[in-house]
$ cat work_38.csv   # CSV, C-alpha atoms
chain,number,residue,atom,x,y,z
A,23,MET,CA,-11.7,-0.2,-21.2
A,24,GLY,CA,-8.9,0.2,-23.8
A,25,ALA,CA,-5.2,0.0,-23.4
A,26,SER,CA,-3.3,2.7,-21.5
A,27,PRO,CA,-1.1,4.8,-23.9
A,28,TRP,CA,2.0,4.2,-21.9
A,29,ARG,CA,1.7,0.4,-22.1
A,30,GLU,CA,4.1,-1.7,-24.2
A,31,PRO,CA,4.1,-5.4,-25.0
A,32,GLU,CA,6.4,-5.9,-22.0
A,33,HIS,CA,3.7,-4.6,-19.7
A,34,ASP,CA,1.2,-7.1,-21.0
A,35,GLU,CA,3.7,-9.9,-20.4
A,36,LEU,CA,4.2,-8.7,-16.9
A,37,ALA,CA,0.5,-8.5,-16.4
A,38,ALA,CA,0.1,-12.1,-17.4
A,39,LEU,CA,2.8,-13.2,-14.9
A,40,VAL,CA,1.2,-11.2,-12.1
A,41,ARG,CA,-2.2,-12.7,-12.9
A,42,ALA,CA,-0.7,-16.2,-12.8
A,43,PHE,CA,1.0,-15.5,-9.5
A,44,PHE,CA,-2.2,-14.4,-7.7
A,45,THR,CA,-4.3,-17.1,-9.3
A,46,LYS,CA,-2.0,-20.0,-8.4
A,47,GLU,CA,-0.1,-18.8,-5.3
A,48,VAL,CA,-2.3,-16.4,-3.4
A,49,LEU,CA,-6.0,-16.7,-4.1
A,50,PRO,CA,-6.2,-20.4,-3.1
A,51,HIS,CA,-5.4,-19.3,0.4
A,52,ALA,CA,-7.7,-16.3,0.5
A,53,ASP,CA,-10.2,-17.7,3.1
A,54,ARG,CA,-7.4,-18.7,5.5
A,55,VAL,CA,-5.6,-15.4,5.1
A,56,LEU,CA,-8.8,-13.4,5.8
A,57,ALA,CA,-9.4,-15.4,8.9
A,58,GLN,CA,-5.8,-15.0,10.3
A,59,GLY,CA,-5.7,-11.3,9.5
A,60,HIS,CA,-2.5,-11.2,7.6
A,61,PRO,CA,-0.9,-12.7,4.5
A,62,ASP,CA,1.8,-15.4,4.5
A,63,ARG,CA,5.4,-14.4,4.4
A,64,GLU,CA,5.9,-17.1,1.8
A,65,HIS,CA,3.8,-15.2,-0.7
A,66,TYR,CA,6.3,-12.3,-0.5
A,67,ARG,CA,9.1,-14.7,-1.1
A,68,LYS,CA,7.4,-16.3,-4.1
A,69,ALA,CA,6.7,-12.9,-5.5
A,70,GLY,CA,10.4,-12.1,-5.1
A,71,GLU,CA,11.4,-15.3,-6.8
A,72,LEU,CA,9.3,-14.4,-9.8
A,73,GLY,CA,10.9,-10.9,-10.0
A,74,LEU,CA,7.7,-9.1,-9.0
A,75,LEU,CA,9.1,-7.0,-6.2
A,76,GLY,CA,11.1,-3.9,-6.7
A,77,LEU,CA,10.2,-3.7,-10.4
A,78,SER,CA,11.5,-0.1,-10.5
A,79,VAL,CA,14.6,-0.7,-8.4
A,80,PRO,CA,17.9,-0.7,-10.3
A,81,VAL,CA,19.2,-4.1,-11.2
A,82,GLU,CA,22.4,-3.6,-9.3
A,83,TYR,CA,20.3,-3.6,-6.1
A,84,GLY,CA,18.3,-6.7,-7.0
A,85,GLY,CA,15.4,-5.0,-8.7
A,86,GLY,CA,13.8,-5.2,-12.1
A,87,GLY,CA,15.4,-2.1,-13.5
A,88,GLY,CA,12.0,-0.8,-14.8
A,89,ASN,CA,10.1,2.4,-13.9
A,90,PHE,CA,6.9,3.3,-12.2
A,91,THR,CA,4.7,2.0,-15.1
A,92,HIS,CA,5.8,-1.6,-14.1
A,93,GLU,CA,4.8,-1.0,-10.5
A,94,ALA,CA,1.5,0.3,-11.8
A,95,VAL,CA,0.8,-2.9,-13.8
A,96,LEU,CA,1.6,-5.0,-10.7
A,97,LEU,CA,-0.8,-3.0,-8.5
A,98,ASP,CA,-3.5,-2.9,-11.1
A,99,GLU,CA,-3.4,-6.7,-11.6
A,100,GLN,CA,-3.4,-7.4,-7.9
A,101,MET,CA,-6.6,-5.4,-7.5
A,102,ARG,CA,-8.2,-7.1,-10.5
A,103,SER,CA,-7.3,-10.5,-9.0
A,104,GLY,CA,-9.4,-9.7,-5.9
A,105,ASP,CA,-6.5,-9.9,-3.4
A,106,SER,CA,-6.1,-7.2,-0.8
A,107,SER,CA,-3.9,-9.0,1.6
A,108,LEU,CA,-0.4,-8.6,0.3
A,109,GLY,CA,0.9,-5.1,1.0
A,110,LEU,CA,2.7,-4.7,-2.3
A,111,ALA,CA,1.7,-1.1,-2.6
A,112,VAL,CA,3.6,-0.2,0.6
A,113,HIS,CA,6.4,-2.7,0.2
A,114,SER,CA,7.3,-2.3,-3.4
A,115,GLY,CA,5.4,0.9,-4.4
A,116,ILE,CA,6.6,3.0,-1.4
A,117,VAL,CA,9.3,1.6,0.8
A,118,THR,CA,11.7,0.7,-2.0
A,119,GLY,CA,11.0,4.1,-3.5
A,120,TYR,CA,12.3,5.9,-0.4
A,121,LEU,CA,15.5,3.9,-0.4
A,122,VAL,CA,16.1,4.4,-4.1
A,123,ALA,CA,15.4,8.1,-3.9
A,124,TYR,CA,17.1,9.0,-0.6
A,125,GLY,CA,19.2,6.1,0.7
A,126,THR,CA,23.0,6.2,0.9
A,127,GLU,CA,24.8,3.7,-1.2
A,128,GLU,CA,25.4,1.5,1.9
A,129,GLN,CA,21.7,1.7,2.8
A,130,LYS,CA,20.7,0.7,-0.7
A,131,GLN,CA,23.1,-2.3,-0.8
A,132,ARG,CA,22.1,-3.4,2.6
A,133,TRP,CA,18.3,-3.5,2.3
A,134,LEU,CA,17.1,-3.3,-1.3
A,135,PRO,CA,18.2,-6.8,-2.3
A,136,GLY,CA,16.2,-8.4,0.6
A,137,LEU,CA,13.2,-6.3,-0.2
A,138,CYS,CA,13.3,-7.2,-3.8
A,139,ALA,CA,13.8,-10.9,-3.0
A,140,GLY,CA,10.9,-10.9,-0.5
A,141,THR,CA,13.0,-12.1,2.3
A,142,LEU,CA,12.5,-8.8,4.0
A,143,ILE,CA,9.1,-7.1,4.2
A,144,GLY,CA,8.9,-3.3,4.4
A,145,ALA,CA,6.5,-0.8,6.0
A,146,ILE,CA,6.5,2.9,6.6
A,147,ALA,CA,5.3,4.4,9.9
A,148,MET,CA,4.0,8.0,10.0
A,149,THR,CA,0.6,8.1,11.7
A,150,GLU,CA,0.4,8.3,15.5
A,151,PRO,CA,-2.4,7.4,17.9
A,152,ASP,CA,-3.3,11.0,18.7
A,153,GLY,CA,-2.6,12.6,15.4
A,154,GLY,CA,-3.5,11.7,11.8
A,155,SER,CA,-2.6,14.0,8.9
A,156,ASP,CA,-0.6,16.6,10.9
A,157,LEU,CA,2.8,15.0,10.5
A,158,GLN,CA,4.7,18.1,11.7
A,159,ALA,CA,3.2,17.6,15.1
A,160,MET,CA,4.4,14.0,15.6
A,161,ARG,CA,5.5,13.1,19.1
A,162,THR,CA,7.8,10.1,18.4
A,163,ARG,CA,11.3,11.1,19.3
A,164,ALA,CA,14.7,9.9,18.0
A,165,LEU,CA,17.4,11.5,20.0
A,166,ARG,CA,21.1,11.1,19.3
A,167,ASP,CA,23.1,9.1,21.9
A,168,GLY,CA,26.7,8.4,20.7
A,169,ASP,CA,26.5,6.3,17.6
A,170,ASP,CA,22.8,5.5,18.0
A,171,TYR,CA,19.4,7.2,18.0
A,172,VAL,CA,17.2,6.3,20.9
A,173,ILE,CA,13.6,6.2,19.8
A,174,SER,CA,10.5,6.5,22.0
A,175,GLY,CA,6.9,6.8,20.8
A,176,ALA,CA,4.1,4.9,19.1
A,177,LYS,CA,2.7,4.5,15.6
A,178,THR,CA,-0.7,3.2,14.5
A,179,PHE,CA,-2.6,2.1,11.3
A,180,ILE,CA,0.7,0.7,9.9
A,181,SER,CA,0.1,-1.4,6.9
A,182,ASN,CA,2.4,-4.4,6.8
A,183,GLY,CA,3.1,-3.6,10.5
A,184,GLY,CA,2.6,-7.2,11.7
A,185,LEU,CA,5.1,-8.8,9.3
A,186,ALA,CA,7.5,-6.0,8.6
A,187,ASP,CA,11.3,-6.5,9.1
A,188,ILE,CA,12.2,-3.0,7.9
A,189,VAL,CA,10.2,0.0,9.0
A,190,ILE,CA,10.9,3.5,7.7
A,191,LEU,CA,10.0,5.5,10.7
A,192,ALA,CA,9.2,9.2,10.9
A,193,ALA,CA,10.4,10.8,14.1
A,194,LYS,CA,11.5,14.1,15.6
A,195,THR,CA,15.3,14.3,15.9
A,196,ASP,CA,14.8,18.0,16.9
A,197,PRO,CA,11.6,18.2,19.0
A,198,SER,CA,11.9,22.0,19.2
A,199,GLN,CA,11.2,22.3,15.4
A,200,ARG,CA,8.2,21.3,13.3
A,201,ALA,CA,8.9,20.3,9.7
A,202,SER,CA,12.7,20.8,10.0
A,203,GLY,CA,12.8,18.6,13.1
A,204,VAL,CA,11.6,15.5,11.3
A,205,SER,CA,13.9,12.7,10.1
A,206,LEU,CA,13.3,9.3,8.7
A,207,LEU,CA,15.1,6.3,10.2
A,208,ILE,CA,15.3,2.7,8.9
A,209,CYS,CA,14.4,0.4,11.8
A,210,GLU,CA,15.3,-3.2,11.7
A,211,VAL,CA,12.6,-4.8,13.8
A,212,SER,CA,13.2,-8.6,13.3
A,213,ASP,CA,16.0,-11.0,13.0
A,214,ALA,CA,15.4,-11.5,9.3
A,215,ASN,CA,17.9,-8.7,8.7
A,216,ASP,CA,20.8,-10.9,9.9
A,217,ALA,CA,22.6,-12.3,6.9
A,218,ASP,CA,23.7,-15.5,8.7
A,219,GLY,CA,20.2,-16.1,10.1
A,220,THR,CA,21.2,-15.4,13.7
A,221,SER,CA,19.7,-12.6,15.7
A,222,GLU,CA,21.5,-9.7,17.1
A,223,ALA,CA,18.4,-8.7,19.0
A,224,GLY,CA,20.2,-9.4,22.3
A,225,GLU,CA,19.0,-9.6,25.8
A,226,GLY,CA,15.4,-8.5,26.3
A,227,ALA,CA,14.4,-9.5,22.8
A,228,GLU,CA,10.9,-11.1,22.5
A,229,THR,CA,9.9,-13.9,20.2
A,230,TYR,CA,6.9,-13.6,18.0
A,231,ARG,CA,5.3,-15.5,15.2
A,232,SER,CA,4.1,-13.9,12.1
A,233,GLY,CA,3.2,-14.8,8.6
A,234,GLY,CA,1.0,-17.9,8.4
A,235,GLU,CA,1.5,-21.5,7.3
A,236,GLY,CA,5.0,-22.7,7.7
A,237,ASP,CA,6.3,-19.4,9.0
A,238,GLU,CA,9.1,-19.4,11.5
A,239,ALA,CA,9.3,-17.8,14.9
A,240,ARG,CA,11.1,-14.5,14.8
A,241,ARG,CA,12.7,-12.2,17.4
A,242,GLU,CA,11.9,-8.6,18.1
A,243,PRO,CA,14.7,-6.4,19.3
A,244,ALA,CA,14.7,-4.9,22.8
A,245,GLY,CA,12.7,-1.7,23.0
A,246,PHE,CA,10.4,-2.6,20.1
A,247,ARG,CA,7.0,-4.1,20.4
A,248,ARG,CA,4.2,-4.8,18.0
A,249,GLY,CA,0.7,-4.2,19.3
A,250,ARG,CA,-2.4,-5.9,18.1
A,251,LEU,CA,-3.4,-6.4,14.5
A,252,LEU,CA,-6.2,-3.9,14.2
A,253,SER,CA,-9.7,-5.3,13.4
A,254,LYS,CA,-11.0,-3.4,10.4
A,255,ILE,CA,-14.3,-3.4,8.5
A,256,GLY,CA,-12.3,-4.1,5.3
A,257,LEU,CA,-8.8,-5.1,4.1
A,258,LYS,CA,-9.1,-7.9,6.6
A,259,GLY,CA,-6.3,-9.9,5.1
A,260,ASN,CA,-3.7,-7.2,5.4
A,261,ASP,CA,-1.8,-6.8,8.7
A,262,THR,CA,-2.4,-3.3,9.9
A,263,ALA,CA,-0.8,-2.9,13.3
A,264,GLU,CA,0.3,-0.7,16.2
A,265,LEU,CA,4.0,-0.3,16.8
A,266,PHE,CA,5.6,0.8,20.0
A,267,PHE,CA,9.2,2.1,20.6
A,268,ASP,CA,10.5,2.3,24.2
A,269,ASP,CA,14.1,3.5,24.2
A,270,PHE,CA,14.7,1.5,21.0
A,271,ARG,CA,18.2,2.0,19.7
A,272,VAL,CA,18.9,2.4,16.0
A,273,PRO,CA,22.4,3.0,14.6
A,274,ALA,CA,23.1,6.5,13.4
A,275,ALA,CA,24.0,4.9,10.0
A,276,ASN,CA,20.3,4.1,9.6
A,277,LEU,CA,19.3,7.7,9.2
A,278,LEU,CA,17.8,7.8,5.7
A,279,GLY,CA,20.1,9.9,3.5
A,280,GLY,CA,22.6,10.4,6.3
A,281,THR,CA,21.4,14.0,7.3
A,282,GLU,CA,19.0,15.0,10.0
A,283,GLY,CA,16.0,17.2,9.4
A,284,LEU,CA,15.3,16.1,5.9
A,285,GLY,CA,12.4,13.7,6.8
A,286,PHE,CA,9.5,16.1,6.1
A,287,ALA,CA,10.9,17.1,2.7
A,288,GLN,CA,11.5,13.4,1.9
A,289,LEU,CA,7.9,12.5,2.8
A,290,MET,CA,6.6,15.4,0.7
A,291,GLY,CA,8.7,14.3,-2.2
A,292,GLN,CA,7.3,10.7,-2.1
A,293,LEU,CA,3.7,11.4,-1.2
A,294,PRO,CA,2.7,12.2,-4.8
A,295,GLN,CA,3.7,8.7,-5.8
A,296,GLU,CA,2.0,7.2,-2.8
A,297,ARG,CA,-1.2,9.0,-3.7
A,298,LEU,CA,-0.8,7.8,-7.3
A,299,VAL,CA,-0.5,4.3,-6.0
A,300,ILE,CA,-3.8,4.6,-4.2
A,301,GLY,CA,-5.4,6.0,-7.4
A,302,ILE,CA,-4.2,3.0,-9.4
A,303,GLY,CA,-6.0,0.7,-6.9
A,304,ALA,CA,-9.1,2.9,-7.1
A,305,VAL,CA,-9.5,2.7,-10.9
A,306,ALA,CA,-8.7,-1.0,-11.0
A,307,ALA,CA,-11.4,-1.6,-8.4
A,308,MET,CA,-13.9,0.4,-10.4
A,309,GLU,CA,-13.2,-1.6,-13.5
A,310,ARG,CA,-13.4,-4.9,-11.7
A,311,ALA,CA,-16.7,-3.8,-10.0
A,312,ILE,CA,-18.3,-3.1,-13.4
A,313,ASP,CA,-17.0,-6.4,-14.9
A,314,LEU,CA,-18.5,-8.4,-12.0
A,315,THR,CA,-21.8,-6.5,-12.1
A,316,VAL,CA,-22.2,-6.8,-15.9
A,317,ALA,CA,-21.7,-10.6,-15.6
A,318,TYR,CA,-24.2,-10.8,-12.7
A,319,VAL,CA,-27.0,-8.7,-14.3
A,320,LYS,CA,-26.9,-10.7,-17.4
A,321,GLU,CA,-27.5,-13.9,-15.5
A,322,ARG,CA,-30.0,-12.7,-12.8
A,323,THR,CA,-33.6,-12.3,-13.7
A,324,ALA,CA,-36.3,-10.1,-12.2
A,325,PHE,CA,-39.9,-9.6,-13.4
A,326,GLY,CA,-39.5,-12.1,-16.2
A,327,LYS,CA,-36.3,-10.9,-17.8
A,328,PRO,CA,-32.6,-10.5,-17.1
A,329,LEU,CA,-31.7,-7.5,-14.9
A,330,ILE,CA,-29.7,-6.0,-17.8
A,331,GLY,CA,-33.0,-5.7,-19.6
A,332,HIS,CA,-34.3,-3.1,-17.2
A,333,GLN,CA,-33.7,0.5,-18.0
A,334,ASN,CA,-32.5,1.4,-14.5
A,335,THR,CA,-29.8,-1.3,-14.6
A,336,ARG,CA,-28.5,0.0,-18.0
A,337,MET,CA,-28.5,3.6,-16.9
A,338,VAL,CA,-26.6,2.9,-13.7
A,339,LEU,CA,-24.0,0.8,-15.6
A,340,ALA,CA,-23.7,3.5,-18.3
A,341,GLU,CA,-23.0,6.2,-15.6
A,342,CYS,CA,-20.5,4.0,-13.8
A,343,ALA,CA,-18.7,3.0,-16.9
A,344,THR,CA,-18.4,6.6,-18.0
A,345,ARG,CA,-17.1,7.7,-14.6
A,346,THR,CA,-14.6,4.8,-14.7
A,347,ARG,CA,-13.4,5.6,-18.3
A,348,VAL,CA,-12.8,9.2,-17.4
A,349,SER,CA,-11.0,8.1,-14.3
A,350,ARG,CA,-8.7,5.8,-16.3
A,351,VAL,CA,-7.8,8.5,-18.7
A,352,PHE,CA,-6.9,10.9,-15.9
A,353,LEU,CA,-4.9,8.2,-14.1
A,354,ASP,CA,-3.0,7.4,-17.3
A,355,ASP,CA,-2.1,11.0,-17.7
A,356,CYS,CA,-0.9,11.2,-14.1
A,357,ILE,CA,1.2,8.1,-14.5
A,358,ALA,CA,2.8,9.5,-17.7
A,359,ARG,CA,3.5,12.8,-15.9
A,360,HIS,CA,5.0,11.0,-12.9
A,361,VAL,CA,7.4,8.9,-15.1
A,362,ARG,CA,8.5,12.2,-16.8
A,363,GLY,CA,9.0,13.8,-13.3
A,364,GLU,CA,6.2,16.3,-13.9
A,365,LEU,CA,3.5,15.1,-11.4
A,366,ASP,CA,3.0,18.0,-9.0
A,367,VAL,CA,1.6,17.8,-5.5
A,368,ALA,CA,-1.8,19.3,-6.4
A,369,THR,CA,-2.4,17.0,-9.3
A,370,ALA,CA,-1.5,14.0,-7.2
A,371,ALA,CA,-3.9,15.2,-4.6
A,372,MET,CA,-6.6,15.6,-7.3
A,373,ALA,CA,-6.0,12.0,-8.4
A,374,LYS,CA,-6.1,10.6,-4.9
A,375,TYR,CA,-9.3,12.4,-3.8
A,376,TRP,CA,-11.3,12.1,-7.1
A,377,LEU,CA,-10.4,8.6,-7.9
A,378,THR,CA,-11.1,7.2,-4.4
A,379,ASP,CA,-14.3,9.1,-4.2
A,380,GLY,CA,-15.2,7.5,-7.6
A,381,GLN,CA,-14.2,4.1,-6.4
A,382,CYS,CA,-16.6,4.3,-3.4
A,383,GLU,CA,-19.4,5.6,-5.6
A,384,VAL,CA,-19.0,3.1,-8.4
A,385,VAL,CA,-18.7,0.1,-6.1
A,386,ASP,CA,-21.7,1.2,-4.0
A,387,ARG,CA,-23.9,1.6,-7.1
A,388,CYS,CA,-22.7,-1.7,-8.5
A,389,LEU,CA,-23.5,-3.5,-5.2
A,390,GLN,CA,-27.0,-2.1,-5.3
A,391,LEU,CA,-27.6,-4.0,-8.5
A,392,PHE,CA,-26.7,-7.2,-6.8
A,393,GLY,CA,-29.6,-6.6,-4.3
A,394,GLY,CA,-29.4,-8.6,-1.1
A,395,TYR,CA,-26.7,-10.8,-2.5
A,396,GLY,CA,-24.4,-7.8,-2.7
A,397,TYR,CA,-24.5,-7.6,1.0
A,398,THR,CA,-23.4,-11.2,1.5
A,399,THR,CA,-19.7,-12.2,1.7
A,400,GLU,CA,-20.4,-14.9,-0.9
A,401,TYR,CA,-20.1,-12.2,-3.6
A,402,PRO,CA,-16.8,-10.3,-4.1
A,403,ILE,CA,-18.6,-7.0,-4.4
A,404,ALA,CA,-19.3,-7.0,-0.7
A,405,GLN,CA,-15.6,-7.3,0.2
A,406,MET,CA,-14.8,-4.6,-2.4
A,407,TYR,CA,-17.3,-2.3,-0.8
A,408,ALA,CA,-15.7,-2.7,2.7
A,409,ASP,CA,-12.2,-2.4,1.3
A,410,ALA,CA,-12.9,0.8,-0.6
A,411,ARG,CA,-13.7,3.0,2.3
A,412,ALA,CA,-10.2,3.2,3.7
A,413,GLN,CA,-9.0,4.6,0.4
A,414,LYS,CA,-10.5,8.0,1.3
A,415,ILE,CA,-8.6,8.0,4.6
A,416,TYR,CA,-5.0,6.8,4.2
A,417,GLY,CA,-2.3,8.5,2.2
A,418,GLY,CA,-3.8,11.8,3.5
A,419,THR,CA,-7.5,12.1,3.9
A,420,ASN,CA,-9.5,13.4,1.0
A,421,GLU,CA,-10.3,16.5,3.0
A,422,ILE,CA,-6.6,17.3,3.2
A,423,MET,CA,-6.3,16.6,-0.5
A,424,LYS,CA,-8.8,19.3,-1.2
A,425,GLU,CA,-6.9,21.7,1.0
A,426,LEU,CA,-3.7,21.0,-1.0
A,427,ILE,CA,-5.5,21.6,-4.2
A,428,ALA,CA,-7.0,24.9,-3.0
A,429,ARG,CA,-3.5,26.1,-1.9
A,430,ALA,CA,-2.2,25.6,-5.4
A,431,LEU,CA,-5.0,27.7,-7.0

$ encode --input "work_38.csv" --output "structure tokens"
Amino acid sequence: MGASPWREPEHDELAALVRAFFTKEVLPHADRVLAQGHPDREHYRKAGELGLLGLSVPVEYGGGGGNFTHEAVLLDEQMRSGDSSLGLAVHSGIVTGYLVAYGTEEQKQRWLPGLCAGTLIGAIAMTEPDGGSDLQAMRTRALRDGDDYVISGAKTFISNGGLADIVILAAKTDPSQRASGVSLLICEVSDANDADGTSEAGEGAETYRSGGEGDEARREPAGFRRGRLLSKIGLKGNDTAELFFDDFRVPAANLLGGTEGLGFAQLMGQLPQERLVIGIGAVAAMERAIDLTVAYVKERTAFGKPLIGHQNTRMVLAECATRTRVSRVFLDDCIARHVRGELDVATAAMAKYWLTDGQCEVVDRCLQLFGGYGYTTEYPIAQMYADARAQKIYGGTNEIMKELIARAL
């Protein structure tokens, strides 16, 4: 498909390292991970040991000192590898971004090194059971009580929610207000946050086991509970969970940025990057789908000749390849704009909506060329088809993206 104009030799070296990581460390466990419904914590730790987490986090906080282009290479190569279990897009592409952009110095020093090392796993919790994209109407409350905030409420569809040690939680610190009443709090929800390995969860804490092979039992603090891992039609290897807070106490020092009422603005400031992250996965999936399909139609025969020899096959592939090339050019422009600090809300919404729509279309048309085999889980295109559908929902539904675009016109 051609090299992206922002790529340098260092990006190609990083891509090779990421490919090797997924090939050697993650993919051999794919069947087990899909069956258990979540990745292994050890895979995060190994990624951290290789320096693959927090690529854009400053080195003084344990990161790679790069920029968003390095995160883009990581996420692109993960999608190309075929892994959809590790929640790196959330952990490294989003959670660390919030801390770098808005965290106090103490907050950065406290949590970024563990996130970059993979000893802590991060998640962000916005969506609630009775409300999707309307973040201003959230019901989760975080009310000040002395030196703490007391949190009550529930969140759902939380990627990395089953394994997370750190959750950036959106809650109302002033329930009488809409946007100006929202704050973000950093919730420590497991004993992995204790430097000496001992838990401060205290009386009432519950023990749970997460992660997979060789993972240790961990303790949840009083007032916090993980619900079930949600059974999904796709992304089955990623732990998407419900989270419940019942008078869960968080130190006031964990208020992201240290000032109440900034949460909605912080979310709006970071959502363009989140939507760009989704777009990166979409284009990489389109390119992988075409690669897999071209290889298949060259080997499979029908009516006495390879499928690639039939005009319909060639026309479909030509159309999909063109849509994918245009998508890559648009994505590259968005990445370059974002690195320069010029990616606006409307353009990020365009990228999220148009690229994920394209992903679903291209993967569907490629699957059709596989015939009945495309509907079997023996072929990766089937998993890609199921995984793609969520892309048009999370990060703000594509309908909301169109509304944001229209408002900017």

$ residues_near_point --input "work_38.csv" --point "(13.4, -9.5, -2.7)" --cutoff "10 Å" --atoms "all atoms listed in the file" --output "PDB file with C-alpha atoms, keeping the file's coordinate frame"
ATOM      1  CA  TYR A  66       6.300 -12.300  -0.500  1.00  0.00           C
ATOM      2  CA  ARG A  67       9.100 -14.700  -1.100  1.00  0.00           C
ATOM      3  CA  LYS A  68       7.400 -16.300  -4.100  1.00  0.00           C
ATOM      4  CA  ALA A  69       6.700 -12.900  -5.500  1.00  0.00           C
ATOM      5  CA  GLY A  70      10.400 -12.100  -5.100  1.00  0.00           C
ATOM      6  CA  GLU A  71      11.400 -15.300  -6.800  1.00  0.00           C
ATOM      7  CA  LEU A  72       9.300 -14.400  -9.800  1.00  0.00           C
ATOM      8  CA  GLY A  73      10.900 -10.900 -10.000  1.00  0.00           C
ATOM      9  CA  LEU A  74       7.700  -9.100  -9.000  1.00  0.00           C
ATOM     10  CA  LEU A  75       9.100  -7.000  -6.200  1.00  0.00           C
ATOM     11  CA  GLY A  76      11.100  -3.900  -6.700  1.00  0.00           C
ATOM     12  CA  TYR A  83      20.300  -3.600  -6.100  1.00  0.00           C
ATOM     13  CA  GLY A  84      18.300  -6.700  -7.000  1.00  0.00           C
ATOM     14  CA  GLY A  85      15.400  -5.000  -8.700  1.00  0.00           C
ATOM     15  CA  SER A 114       7.300  -2.300  -3.400  1.00  0.00           C
ATOM     16  CA  TRP A 133      18.300  -3.500   2.300  1.00  0.00           C
ATOM     17  CA  LEU A 134      17.100  -3.300  -1.300  1.00  0.00           C
ATOM     18  CA  PRO A 135      18.200  -6.800  -2.300  1.00  0.00           C
ATOM     19  CA  GLY A 136      16.200  -8.400   0.600  1.00  0.00           C
ATOM     20  CA  LEU A 137      13.200  -6.300  -0.200  1.00  0.00           C
ATOM     21  CA  CYS A 138      13.300  -7.200  -3.800  1.00  0.00           C
ATOM     22  CA  ALA A 139      13.800 -10.900  -3.000  1.00  0.00           C
ATOM     23  CA  GLY A 140      10.900 -10.900  -0.500  1.00  0.00           C
ATOM     24  CA  THR A 141      13.000 -12.100   2.300  1.00  0.00           C
ATOM     25  CA  LEU A 142      12.500  -8.800   4.000  1.00  0.00           C
ATOM     26  CA  ILE A 143       9.100  -7.100   4.200  1.00  0.00           C
TER      27      ILE A 143
END

$ atom_distance --input "work_38.csv" --atom1 "CA of Ala111 in chain A" --atom2 "CA of Leu257 in chain A"
13.1 Å

$ closest_residue --input "work_38.csv" --among "A:Leu157, A:Val361, A:Ala123, A:Leu207" --to "Leu277 in chain A" --atoms "all atoms listed in the file"
A:Leu207

$ residues_around --input "work_38.csv" --residues "Ile415 in chain A" --least-positions-apart "2" --cutoff "12 Å" --atoms "all atoms listed in the file" --output "number ranges by chain"
A: 149, 154-155, 179, 297, 300, 374-375, 378-379, 382, 409-413, 417-423

$ atom_distance --input "work_38.csv" --atom1 "CA of Asn182 in chain A" --atom2 "CA of Arg247 in chain A"
14.4 Å

$ residues_near_point --input "work_38.csv" --point "(-15.7, 1.6, -8.0)" --cutoff "12 Å" --atoms "only C-alpha atoms" --output "NGL selection string"
:A and (101-102 or 301-315 or 339 or 341-347 or 349-350 or 376-389 or 403-404 or 406-411 or 413)

$ write_last_selection --input "work_38.csv" --atoms "C-alpha atoms" --output "compact mmCIF listing (two decimals), keeping the file's coordinate frame"
# COMPACT_ATOMS: atom_id res chain seq x y z
CA MET A 101 -6.60 -5.40 -7.50
CA ARG A 102 -8.20 -7.10 -10.50
CA GLY A 301 -5.40 6.00 -7.40
CA ILE A 302 -4.20 3.00 -9.40
CA GLY A 303 -6.00 0.70 -6.90
CA ALA A 304 -9.10 2.90 -7.10
CA VAL A 305 -9.50 2.70 -10.90
CA ALA A 306 -8.70 -1.00 -11.00
CA ALA A 307 -11.40 -1.60 -8.40
CA MET A 308 -13.90 0.40 -10.40
CA GLU A 309 -13.20 -1.60 -13.50
CA ARG A 310 -13.40 -4.90 -11.70
CA ALA A 311 -16.70 -3.80 -10.00
CA ILE A 312 -18.30 -3.10 -13.40
CA ASP A 313 -17.00 -6.40 -14.90
CA LEU A 314 -18.50 -8.40 -12.00
CA THR A 315 -21.80 -6.50 -12.10
CA LEU A 339 -24.00 0.80 -15.60
CA GLU A 341 -23.00 6.20 -15.60
CA CYS A 342 -20.50 4.00 -13.80
CA ALA A 343 -18.70 3.00 -16.90
CA THR A 344 -18.40 6.60 -18.00
CA ARG A 345 -17.10 7.70 -14.60
CA THR A 346 -14.60 4.80 -14.70
CA ARG A 347 -13.40 5.60 -18.30
CA SER A 349 -11.00 8.10 -14.30
CA ARG A 350 -8.70 5.80 -16.30
CA TRP A 376 -11.30 12.10 -7.10
CA LEU A 377 -10.40 8.60 -7.90
CA THR A 378 -11.10 7.20 -4.40
CA ASP A 379 -14.30 9.10 -4.20
CA GLY A 380 -15.20 7.50 -7.60
CA GLN A 381 -14.20 4.10 -6.40
CA CYS A 382 -16.60 4.30 -3.40
CA GLU A 383 -19.40 5.60 -5.60
CA VAL A 384 -19.00 3.10 -8.40
CA VAL A 385 -18.70 0.10 -6.10
CA ASP A 386 -21.70 1.20 -4.00
CA ARG A 387 -23.90 1.60 -7.10
CA CYS A 388 -22.70 -1.70 -8.50
CA LEU A 389 -23.50 -3.50 -5.20
CA ILE A 403 -18.60 -7.00 -4.40
CA ALA A 404 -19.30 -7.00 -0.70
CA MET A 406 -14.80 -4.60 -2.40
CA TYR A 407 -17.30 -2.30 -0.80
CA ALA A 408 -15.70 -2.70 2.70
CA ASP A 409 -12.20 -2.40 1.30
CA ALA A 410 -12.90 0.80 -0.60
CA ARG A 411 -13.70 3.00 2.30
CA GLN A 413 -9.00 4.60 0.40

$ closest_residue --input "work_38.csv" --among "A:Lys320, A:Arg29, A:Glu210, A:Val299" --to "Ile116 in chain A" --atoms "only C-alpha atoms"
A:Val299

$ closest_residue --input "work_38.csv" --among "A:Ser78, A:Phe267, A:Phe352, A:Val367" --to "Pro27 in chain A" --atoms "all atoms listed in the file"
A:Phe352
